[in-house]
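What follows is protein_5.cif (mmCIF, C-alpha atoms and all ligand atoms).
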data_model
#
loop_
_atom_site.label_atom_id
_atom_site.label_comp_id
_atom_site.auth_asym_id
_atom_site.auth_seq_id
_atom_site.Cartn_x
_atom_site.Cartn_y
_atom_site.Cartn_z
CA MET A 13 86.73 113.27 104.21
CA GLN A 14 87.40 114.75 100.80
CA THR A 15 88.16 112.78 97.67
CA GLN A 16 90.80 113.84 95.16
CA HIS A 17 89.17 111.72 92.48
CA VAL A 18 87.37 113.47 89.62
CA PRO A 19 84.80 111.14 88.01
CA VAL A 20 85.71 110.34 84.41
CA MET A 21 83.19 110.99 81.60
CA LEU A 22 80.42 111.83 84.06
CA GLU A 23 78.03 113.25 81.44
CA GLU A 24 78.59 110.29 79.16
CA VAL A 25 77.98 107.81 82.00
CA LEU A 26 74.65 109.49 82.78
CA LYS A 27 73.72 109.65 79.12
CA TYR A 28 74.17 105.90 78.65
CA LEU A 29 73.07 104.68 82.08
CA GLN A 30 69.93 106.87 82.00
CA PRO A 31 69.28 106.73 85.73
CA LYS A 32 65.60 107.19 86.48
CA ALA A 33 63.82 108.35 89.61
CA GLY A 34 62.88 105.34 91.69
CA GLY A 35 65.34 103.02 89.93
CA SER A 36 67.93 100.68 91.47
CA TYR A 37 71.53 100.85 90.28
CA VAL A 38 74.83 99.17 91.07
CA ASP A 39 78.12 101.05 91.06
CA GLY A 40 80.61 98.19 91.20
CA THR A 41 83.59 100.53 91.63
CA VAL A 42 82.35 103.25 93.95
CA GLY A 43 85.85 104.77 94.52
CA GLY A 44 85.51 108.44 95.48
CA GLY A 45 81.74 108.23 94.96
CA GLY A 46 81.55 110.82 92.17
CA HIS A 47 79.51 108.71 89.75
CA THR A 48 77.42 107.31 92.60
CA GLU A 49 76.59 110.80 93.83
CA ALA A 50 75.40 111.84 90.36
CA ILE A 51 73.26 108.69 90.02
CA LEU A 52 71.71 109.39 93.44
CA GLU A 53 70.86 112.93 92.31
CA ARG A 54 69.22 111.67 89.11
CA THR A 55 67.25 108.96 90.89
CA ALA A 56 65.94 111.17 93.72
CA PRO A 57 63.85 111.03 95.77
CA ASP A 58 63.66 107.27 96.18
CA GLY A 59 66.12 105.65 93.77
CA LYS A 60 68.80 103.42 95.29
CA VAL A 61 72.45 102.67 94.61
CA LEU A 62 74.43 99.64 95.75
CA GLY A 63 78.05 100.82 95.88
CA ILE A 64 80.76 98.15 95.93
CA ASP A 65 84.50 98.60 96.36
CA SER A 66 87.32 96.27 97.30
CA ASP A 67 89.07 99.13 99.11
CA SER A 68 87.71 99.67 102.62
CA GLN A 69 89.44 103.08 102.87
CA ALA A 70 87.53 104.27 99.80
CA LEU A 71 84.27 103.04 101.32
CA ALA A 72 84.98 104.83 104.63
CA ARG A 73 85.56 108.07 102.70
CA VAL A 74 82.30 107.69 100.74
CA ARG A 75 80.36 106.70 103.85
CA GLU A 76 81.38 110.00 105.43
CA ARG A 77 81.03 112.15 102.30
CA LEU A 78 77.62 110.76 101.29
CA ALA A 79 76.35 110.28 104.86
CA GLN A 80 72.83 111.53 104.08
CA PRO A 81 71.91 109.01 101.34
CA VAL A 82 73.53 106.29 103.44
CA SER A 83 71.36 107.15 106.44
CA ASP A 84 68.28 107.49 104.20
CA GLY A 85 68.90 103.95 102.97
CA ARG A 86 69.33 105.18 99.39
CA LEU A 87 73.03 104.26 99.28
CA VAL A 88 74.10 100.82 100.43
CA LEU A 89 77.87 100.33 100.61
CA VAL A 90 79.48 96.90 100.51
CA HIS A 91 83.13 95.95 100.85
CA GLY A 92 83.73 93.28 98.26
CA ASN A 93 85.05 92.32 94.89
CA PHE A 94 82.76 92.86 91.91
CA ALA A 95 83.85 89.40 90.74
CA GLU A 96 81.19 88.27 93.23
CA LEU A 97 78.56 90.67 91.95
CA ALA A 98 75.58 88.29 91.88
CA ARG A 99 76.12 87.17 95.48
CA ILE A 100 76.63 90.75 96.74
CA VAL A 101 73.52 92.02 94.93
CA HIS A 102 71.46 89.13 96.28
CA GLU A 103 72.70 89.53 99.87
CA ALA A 104 72.07 93.30 99.75
CA GLY A 105 68.46 92.57 98.80
CA PHE A 106 68.62 94.44 95.49
CA VAL A 107 66.19 93.12 92.88
CA SER A 108 65.24 94.41 89.44
CA ILE A 109 68.35 96.47 88.76
CA GLN A 110 68.14 99.07 86.00
CA GLY A 111 71.82 99.75 85.54
CA VAL A 112 75.33 98.61 86.43
CA LEU A 113 78.38 100.85 86.20
CA LEU A 114 82.03 99.76 86.34
CA ASP A 115 84.77 102.39 86.21
CA LEU A 116 87.79 100.12 86.32
CA GLY A 117 91.26 100.40 87.80
CA PHE A 118 92.29 102.63 90.66
CA SER A 119 91.36 106.10 91.87
CA SER A 120 93.36 109.29 92.34
CA ASP A 121 92.96 108.79 96.10
CA GLN A 122 94.78 105.46 95.85
CA MET A 123 97.39 106.78 93.41
CA GLY A 124 97.97 109.91 95.51
CA ASP A 125 98.69 108.00 98.72
CA PRO A 126 102.34 106.83 98.60
CA GLN A 127 101.59 104.28 101.34
CA ARG A 128 99.40 102.34 98.87
CA GLY A 129 102.39 101.75 96.60
CA PHE A 130 100.78 102.51 93.22
CA SER A 131 103.01 105.45 92.33
CA PHE A 132 106.34 105.19 90.53
CA SER A 133 107.06 108.88 91.04
CA VAL A 134 106.72 109.05 94.85
CA ASP A 135 108.45 106.45 97.00
CA GLY A 136 106.39 104.14 99.21
CA PRO A 137 106.05 100.50 100.22
CA LEU A 138 105.66 98.22 97.21
CA ASP A 139 102.07 97.26 97.97
CA MET A 140 99.53 97.88 95.13
CA ARG A 141 96.68 95.93 96.76
CA LEU A 142 93.29 97.47 96.06
CA ASP A 143 91.91 95.30 98.85
CA GLN A 144 94.20 95.65 101.83
CA SER A 145 92.75 92.54 103.44
CA GLN A 146 94.26 90.50 100.61
CA ALA A 147 97.45 88.63 101.55
CA LEU A 148 99.55 89.01 98.39
CA SER A 149 101.23 92.38 97.78
CA ALA A 150 103.35 93.56 94.86
CA ALA A 151 106.49 93.10 97.01
CA ASP A 152 105.53 89.46 97.66
CA LEU A 153 105.14 88.86 93.94
CA VAL A 154 108.32 90.69 92.92
CA ASN A 155 110.38 88.81 95.51
CA SER A 156 108.95 85.33 94.97
CA ALA A 157 108.05 84.89 91.28
CA SER A 158 110.59 83.29 88.96
CA GLU A 159 112.35 85.38 86.33
CA GLN A 160 110.17 83.78 83.65
CA GLU A 161 106.95 84.48 85.58
CA LEU A 162 107.93 88.12 86.06
CA ALA A 163 108.80 88.53 82.38
CA ASP A 164 105.43 86.98 81.44
CA ILE A 165 103.57 89.37 83.76
CA PHE A 166 105.32 92.44 82.31
CA TRP A 167 104.73 91.23 78.75
CA ARG A 168 101.11 90.06 79.09
CA TYR A 169 99.71 92.74 81.35
CA GLY A 170 101.96 95.67 80.46
CA GLU A 171 102.83 94.85 76.82
CA GLU A 172 106.33 95.86 77.96
CA SER A 173 108.88 95.12 75.22
CA ARG A 174 111.75 95.15 77.77
CA SER A 175 109.98 92.52 79.93
CA ARG A 176 112.88 90.04 80.00
CA GLN A 177 115.51 92.67 80.72
CA ILE A 178 113.48 94.10 83.62
CA ALA A 179 112.75 90.64 85.06
CA ARG A 180 116.47 89.75 84.89
CA ARG A 181 117.44 92.97 86.63
CA ILE A 182 114.87 92.36 89.39
CA VAL A 183 116.10 88.83 90.05
CA ARG A 184 119.73 90.03 90.21
CA GLU A 185 118.82 92.86 92.58
CA ARG A 186 116.69 90.78 94.94
CA ALA A 187 119.56 88.33 95.41
CA LYS A 188 121.23 91.19 97.36
CA GLY A 189 118.11 91.82 99.50
CA ALA A 190 114.32 92.05 99.16
CA ILE A 191 112.84 94.75 96.92
CA THR A 192 110.35 96.56 99.16
CA ARG A 193 110.00 100.13 97.83
CA THR A 194 108.32 101.58 94.74
CA ALA A 195 111.39 103.75 94.06
CA GLN A 196 113.58 100.62 93.88
CA LEU A 197 111.28 99.00 91.34
CA ALA A 198 110.88 102.22 89.34
CA GLY A 199 114.68 102.53 89.17
CA LEU A 200 115.08 98.94 87.94
CA ALA A 201 112.31 99.36 85.33
CA ALA A 202 113.74 102.65 84.06
CA ALA A 203 117.41 101.65 84.00
CA GLY A 204 118.99 101.78 80.59
CA VAL A 205 116.21 103.77 78.92
CA PRO A 206 117.77 106.89 77.42
CA TYR A 207 116.23 110.17 78.56
CA ARG A 208 115.19 111.16 75.01
CA ALA A 209 113.17 107.92 74.64
CA ARG A 210 111.07 108.68 77.72
CA ALA A 211 107.74 109.75 76.20
CA ILE A 212 106.04 108.23 79.25
CA HIS A 213 107.75 107.29 82.50
CA PRO A 214 109.70 104.11 81.67
CA ALA A 215 108.23 102.31 84.71
CA THR A 216 104.62 102.91 83.62
CA LYS A 217 104.06 99.53 81.97
CA THR A 218 105.88 97.55 84.67
CA PHE A 219 103.72 99.15 87.38
CA GLN A 220 100.51 98.62 85.38
CA ALA A 221 101.38 94.96 84.82
CA LEU A 222 102.17 94.29 88.47
CA ARG A 223 98.99 96.02 89.64
CA ILE A 224 96.89 93.91 87.26
CA ALA A 225 98.60 90.72 88.42
CA VAL A 226 98.44 91.51 92.16
CA ASN A 227 94.72 92.33 92.00
CA HIS A 228 93.75 89.64 89.45
CA GLU A 229 92.09 92.44 87.52
CA LEU A 230 91.44 90.65 84.23
CA GLU A 231 90.10 87.55 85.98
CA GLY A 232 87.76 89.78 87.99
CA LEU A 233 86.50 91.51 84.86
CA GLU A 234 85.95 88.20 83.06
CA ALA A 235 84.03 86.89 86.07
CA VAL A 236 81.77 89.92 86.46
CA LEU A 237 80.61 90.39 82.86
CA PRO A 238 78.17 87.45 82.65
CA GLN A 239 76.93 88.22 86.17
CA ILE A 240 75.95 91.72 85.05
CA LEU A 241 73.56 90.15 82.53
CA ASP A 242 72.09 87.98 85.25
CA VAL A 243 71.44 90.81 87.71
CA LEU A 244 70.16 93.38 85.22
CA SER A 245 66.44 93.65 84.84
CA SER A 246 65.36 92.32 81.49
CA GLY A 247 62.42 94.65 81.17
CA ARG A 248 61.92 97.97 82.90
CA ILE A 249 59.50 100.71 82.07
CA ASP A 250 61.29 103.73 80.66
CA ASP A 251 60.58 106.86 82.67
CA VAL A 252 59.96 104.88 85.88
CA GLY A 253 58.68 107.91 87.82
CA SER A 254 59.27 108.47 91.51
CA ALA A 255 56.38 106.21 92.52
CA GLY A 256 57.34 103.61 89.98
CA ASN A 257 54.44 104.69 87.77
CA ALA A 258 54.82 104.69 84.04
CA GLY A 259 54.75 108.18 82.54
CA ASP A 260 53.85 109.38 79.06
CA GLY A 261 55.59 107.79 76.11
CA ASP A 262 56.78 104.81 78.12
CA ARG A 263 58.40 101.89 76.41
CA GLU A 264 59.79 98.75 77.90
CA VAL A 265 63.56 98.74 77.89
CA GLY A 266 66.16 96.44 79.42
CA GLY A 267 68.63 97.35 82.13
CA ARG A 268 71.88 98.96 81.04
CA MET A 269 75.57 98.30 81.62
CA VAL A 270 78.21 101.00 81.29
CA ILE A 271 81.89 100.11 81.57
CA ILE A 272 84.89 102.44 81.53
CA THR A 273 88.26 100.81 80.87
CA PHE A 274 91.75 102.30 80.95
CA HIS A 275 93.87 99.93 78.87
CA SER A 276 93.49 97.79 75.80
CA LEU A 277 93.44 94.43 77.63
CA GLU A 278 90.34 95.42 79.60
CA ASP A 279 88.69 97.10 76.64
CA ARG A 280 89.17 94.01 74.47
CA LEU A 281 87.43 91.80 77.06
CA VAL A 282 84.47 94.18 77.28
CA LYS A 283 84.22 94.64 73.51
CA GLU A 284 84.32 90.89 72.82
CA PHE A 285 81.84 90.10 75.57
CA MET A 286 79.34 92.68 74.28
CA ARG A 287 79.77 91.56 70.69
CA ARG A 288 79.19 87.93 71.61
CA GLU A 289 76.16 88.60 73.80
CA ALA A 290 74.64 90.86 71.15
CA SER A 291 74.83 88.11 68.58
CA ASP A 292 72.17 85.52 67.68
CA CYS A 293 74.80 83.04 66.52
CA ILE A 294 78.30 82.40 67.84
CA CYS A 295 79.13 79.41 65.64
CA PRO A 296 82.68 79.39 64.22
CA PRO A 297 82.96 81.34 60.94
CA HIS A 298 81.94 79.38 57.80
CA THR A 299 79.65 77.01 59.76
CA PRO A 300 76.98 76.37 57.07
CA VAL A 301 73.99 76.19 59.44
CA CYS A 302 73.79 77.63 62.94
CA ILE A 303 74.11 74.90 65.55
CA CYS A 304 74.90 76.97 68.64
CA GLY A 305 71.38 78.07 69.52
CA HIS A 306 72.80 81.24 71.07
CA LYS A 307 70.33 84.10 71.48
CA ALA A 308 71.30 87.76 71.75
CA ARG A 309 70.78 89.09 75.27
CA LEU A 310 72.33 92.52 74.69
CA ARG A 311 71.97 95.45 72.35
CA VAL A 312 75.22 97.39 72.06
CA LEU A 313 74.68 101.14 72.41
CA THR A 314 78.21 102.26 71.52
CA ARG A 315 79.35 101.00 68.14
CA LYS A 316 82.77 102.47 68.88
CA PRO A 317 84.09 103.19 72.35
CA VAL A 318 83.21 106.65 73.63
CA ILE A 319 86.28 108.64 74.63
CA PRO A 320 86.58 111.79 76.74
CA THR A 321 86.49 115.21 75.12
CA ALA A 322 89.74 117.16 74.65
CA GLN A 323 88.56 119.62 77.32
CA GLU A 324 88.06 116.82 79.82
CA VAL A 325 91.54 115.42 79.16
CA ILE A 326 93.08 118.88 79.68
CA ALA A 327 91.14 119.35 82.92
CA ASN A 328 91.72 115.76 84.11
CA PRO A 329 94.70 114.06 82.41
CA ARG A 330 93.76 110.80 84.21
CA ALA A 331 90.87 110.54 81.74
CA ARG A 332 93.11 110.38 78.66
CA SER A 333 93.09 106.60 78.17
CA ALA A 334 89.46 106.05 79.20
CA LYS A 335 87.07 104.19 76.89
CA LEU A 336 83.39 103.79 77.64
CA ARG A 337 81.20 101.04 76.25
CA ALA A 338 77.52 100.59 76.98
CA ALA A 339 74.84 98.02 76.23
CA GLU A 340 71.22 97.34 77.05
CA ILE A 341 69.52 94.05 77.89
CA VAL A 342 67.21 92.81 75.15
CA VAL A 343 63.71 92.92 76.62
CA GLY A 344 62.40 89.48 77.49
CA SER A 345 65.78 87.77 76.93
C1 LIG B 1 88.53 104.51 88.93
S1 LIG B 1 88.06 104.21 90.59
C2 LIG B 1 86.33 104.56 90.57
C3 LIG B 1 86.03 106.01 90.76
C4 LIG B 1 84.55 106.30 90.90
N1 LIG B 1 83.80 105.96 89.72
C5 LIG B 1 84.32 107.77 91.25
O1 LIG B 1 83.57 108.45 90.55
O2 LIG B 1 84.91 108.24 92.24
C6 LIG B 1 88.06 102.47 90.65
C7 LIG B 1 87.66 101.91 92.01
O3 LIG B 1 87.30 100.55 91.80
C8 LIG B 1 87.80 99.76 92.82
N2 LIG B 1 87.97 98.41 92.27
C9 LIG B 1 88.84 98.01 91.31
N3 LIG B 1 88.68 96.71 91.05
C10 LIG B 1 87.67 96.28 91.85
C11 LIG B 1 87.03 95.01 92.03
N4 LIG B 1 87.40 93.93 91.34
N5 LIG B 1 86.01 94.94 92.91
C12 LIG B 1 85.60 96.03 93.61
N6 LIG B 1 86.19 97.25 93.50
C13 LIG B 1 87.20 97.36 92.62
C14 LIG B 1 89.09 100.43 93.24
O4 LIG B 1 89.42 100.10 94.57
C15 LIG B 1 88.75 101.90 93.06
O5 LIG B 1 88.28 102.47 94.24
#

Could you write out this file's structure as structure tokens?
Ligand SMILES: C[S@@+](CC[C@H](N)C(=O)[O-])C[C@H]1O[C@@H](n2cnc3c(N)ncnc32)[C@H](O)[C@@H]1O
Amino acid sequence: MQTQHVPVMLEEVLKYLQPKAGGSYVDGTVGGGGHTEAILERTAPDGKVLGIDSDSQALARVRERLAQPVSDGRLVLVHGNFAELARIVHEAGFVSIQGVLLDLGFSSDQMGDPQRGFSFSVDGPLDMRLDQSQALSAADLVNSASEQELADIFWRYGEESRSRQIARRIVRERAKGAITRTAQLAGLAAAGVPYRARAIHPATKTFQALRIAVNHELEGLEAVLPQILDVLSSGRIDDVGSAGNAGDGDREVGGRMVIITFHSLEDRLVKEFMRREASDCICPPHTPVCICGHKARLRVLTRKPVIPTAQEVIANPRARSAKLRAAEIVVGS
């Protein structure tokens, strides 16, 4: 089974993750498997990847596409939510992990399948669940939340300035019958926006907000960040070597985390988490003497977020809002 998804910032991911032969890595958002495949190549012949995704269709596609590393035991695929990273890593028997990658959001395979309900430009059922075993769909939310709750979702997760208007229109419309199709919602979100003001599709923010709410995306990200620190090895030998032997010029370095986000709400969570964990004191400003006892566990590798090159954005417009941040565990922390 082919994937339509082109991995975003592949070179940059490899540069910051630095996968080494013989190492163990976690791809918490395996998706189409593009990043995973590249990590497997770099860690050959005996490096391992634990690939997690909440979408069982994505996993089935990767299982078929990367059948060889799966049968060699080099790629272990798990259906699950990265919010439960520590448990999944433990149950999969992965220890001493050298790197964790998260490439957040949804893939082109999910977006391109109208039946998944992510697209405002092609009609389909109003679904938007990344994990299809989850009960709540976007239609359930749109048809059951109060007008105030809907407005809050559009405002908080979409930063949509017309949040109240759109929520009011939805509530009026659903009184006539349930809203079940993406085209219905896109029409309600776009209504009243003059054509000349449409720099982006006027339903973009409404769809983003609903997707985030349906999949509890920010809660999942907040839950996984501290777990990444717990599962990452706090001291690996650089240049592991295929037999795990240290090579020339070795130095002890900590495991690495690389996270790609696609909107400011996610990026802010990652930035603040890394800043806090890279700091030796998190006392409130102007506290005369440190009383928190906090110790830095991370070293931030990207002072500013890394963004895709202009060429990449032309070749893959999906990459345009991507931001990559990376950090390394402080050895011995
Ligand atoms: C942008 S795609 C990843 C693409 C992948 N890096 C590649 O190269 O093909 C994001 C993937 O993460 C999955 N995902 C999103 N949130 C998740 C979560 N909380 N737990 C597990 N998987 C998640 C989605 O189902 C989707 O397949």

Shell of 6 Å around ligand LIG 1 (chain B) (only C-alpha atoms and all ligand atoms), written as a list of chain:residue names: A:His17, A:Pro19, A:Gly40, A:Thr41, A:Val42, A:Gly43, A:Gly44, A:Gly45, A:Gly46, A:His47, A:Ile64, A:Asp65, A:Ser66, A:Asp67, A:Ala70, A:Gly92, A:Asn93, A:Phe94, A:Ala95, A:Asp115, A:Leu116, A:Gly117, A:Phe118, A:Ser119, A:Leu142, A:Gly232

Distance of atom CA of Ala201 of chain A from atom CA of Ile178 of chain A, expressed in Å to one decimal place: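 Between atom CA of Ile178 of chain A and atom CA of Ala201 of chain A the gap is 5.7 Å.
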
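Between Lys32 of chain A and the residues A:Val236, A:Leu200, A:Val90, A:Gly267, the shortest atom-to-atom distance, using all atoms listed in the file, involves A:Gly267.
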
What box, with edges along x, y and z, holds each listed atom of segment 152-161 of chain A when 3 Å is added on every side, and can you state its centre and edge lengths in Å to one decimal, as lines of an AutoDock Vina configuration file?
center_x = 108.7
center_y = 87.0
center_z = 90.7
size_x = 13.2
size_y = 13.4
size_z = 20.0

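Here atom CA of Gly136 of chain A is placed at a distance of 11.0 Å from atom CA of Met123 of chain A.
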
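Checking A:Ser245, A:Ser291, A:Ser158, A:Thr194 one by one against Ser36 of chain A, counting all atoms listed in the file, you find the shortest gap at A:Ser245.
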
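Using all atoms listed in the file, the shortest contact distance between Ser173 of chain A and any of A:Ser145, A:Gln127, A:Thr218, A:Ser83 is found at A:Thr218.
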
Residue nearest Val20 of chain A - candidates A:Glu324, A:Glu340, A:Glu49, A:Glu229, atoms counted: all atoms listed in the file: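 Closest residue, counting all atoms listed in the file: A:Glu324.
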
Residues within 10 Å of segment 326-338 of chain A, only C-alpha atoms, excluding chain neighbours under 5 positions, as an MDAnalysis selection string: chainID A and resid 17:21 24:25 28:29 112:116 119:120 268:276 278:279 282:283 286 310:321

Neighbours of point (105.2, 93.1, 80.8) within 12 Å, using only C-alpha atoms, written as a PyMOL selection string: chain A and resi 159-179+201+214-225

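Remark: for Leu153 of chain A, the closest of the candidate residues A:Met140, A:Arg128, A:Val101, A:Asp135 is A:Met140 (distances computed over only C-alpha atoms).
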
Contacts of Pro31 of chain A within 7 Å, all atoms listed in the file, excl. fewer than 6 positions in-chain, as a PyMOL selection string: chain A and resi 51+54-55

Contact residues around Ala56 of chain A with all atoms listed in the file at 12 Å, ignoring same-chain residues under 4 positions, as a ChimeraX atom specification: /A:31-36,49-52,60-61,81,84,86-87,252-255

Hey, can you spit out that residue selection with C-alpha atoms as a PDB file, in the coordinates of the input?
ATOM      1  CA  PRO A  31      69.280 106.730  85.730  1.00  0.00           C
ATOM      2  CA  LYS A  32      65.600 107.190  86.480  1.00  0.00           C
ATOM      3  CA  ALA A  33      63.820 108.350  89.610  1.00  0.00           C
ATOM      4  CA  GLY A  34      62.880 105.340  91.690  1.00  0.00           C
ATOM      5  CA  GLY A  35      65.340 103.020  89.930  1.00  0.00           C
ATOM      6  CA  SER A  36      67.930 100.680  91.470  1.00  0.00           C
ATOM      7  CA  GLU A  49      76.590 110.800  93.830  1.00  0.00           C
ATOM      8  CA  ALA A  50      75.400 111.840  90.360  1.00  0.00           C
ATOM      9  CA  ILE A  51      73.260 108.690  90.020  1.00  0.00           C
ATOM     10  CA  LEU A  52      71.710 109.390  93.440  1.00  0.00           C
ATOM     11  CA  LYS A  60      68.800 103.420  95.290  1.00  0.00           C
ATOM     12  CA  VAL A  61      72.450 102.670  94.610  1.00  0.00           C
ATOM     13  CA  PRO A  81      71.910 109.010 101.340  1.00  0.00           C
ATOM     14  CA  ASP A  84      68.280 107.490 104.200  1.00  0.00           C
ATOM     15  CA  ARG A  86      69.330 105.180  99.390  1.00  0.00           C
ATOM     16  CA  LEU A  87      73.030 104.260  99.280  1.00  0.00           C
ATOM     17  CA  VAL A 252      59.960 104.880  85.880  1.00  0.00           C
ATOM     18  CA  GLY A 253      58.680 107.910  87.820  1.00  0.00           C
ATOM     19  CA  SER A 254      59.270 108.470  91.510  1.00  0.00           C
ATOM     20  CA  ALA A 255      56.380 106.210  92.520  1.00  0.00           C
TER      21      ALA A 255
END

A:Asp121, A:Glu76, A:Asp58, A:Glu96 ranked by distance to Glu234 of chain A, top pick (using only C-alpha atoms): A:Glu96

Spatial neighbours of His306 of chain A, max dist 9 Å, only C-alpha atoms, sep filter under 2 positions, as a ChimeraX atom specification: /A:289,291-295,302-304,308

Hey, can you spit out that residue selection with C-alpha atoms as a PDB file, in the coordinates of the input?
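Listing of selection_30.pdb after writing:
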ATOM      1  CA  GLU A 289      76.160  88.600  73.800  1.00  0.00           C
ATOM      2  CA  SER A 291      74.830  88.110  68.580  1.00  0.00           C
ATOM      3  CA  ASP A 292      72.170  85.520  67.680  1.00  0.00           C
ATOM      4  CA  CYS A 293      74.800  83.040  66.520  1.00  0.00           C
ATOM      5  CA  ILE A 294      78.300  82.400  67.840  1.00  0.00           C
ATOM      6  CA  CYS A 295      79.130  79.410  65.640  1.00  0.00           C
ATOM      7  CA  CYS A 302      73.790  77.630  62.940  1.00  0.00           C
ATOM      8  CA  ILE A 303      74.110  74.900  65.550  1.00  0.00           C
ATOM      9  CA  CYS A 304      74.900  76.970  68.640  1.00  0.00           C
ATOM     10  CA  ALA A 308      71.300  87.760  71.750  1.00  0.00           C
TER      11      ALA A 308
END
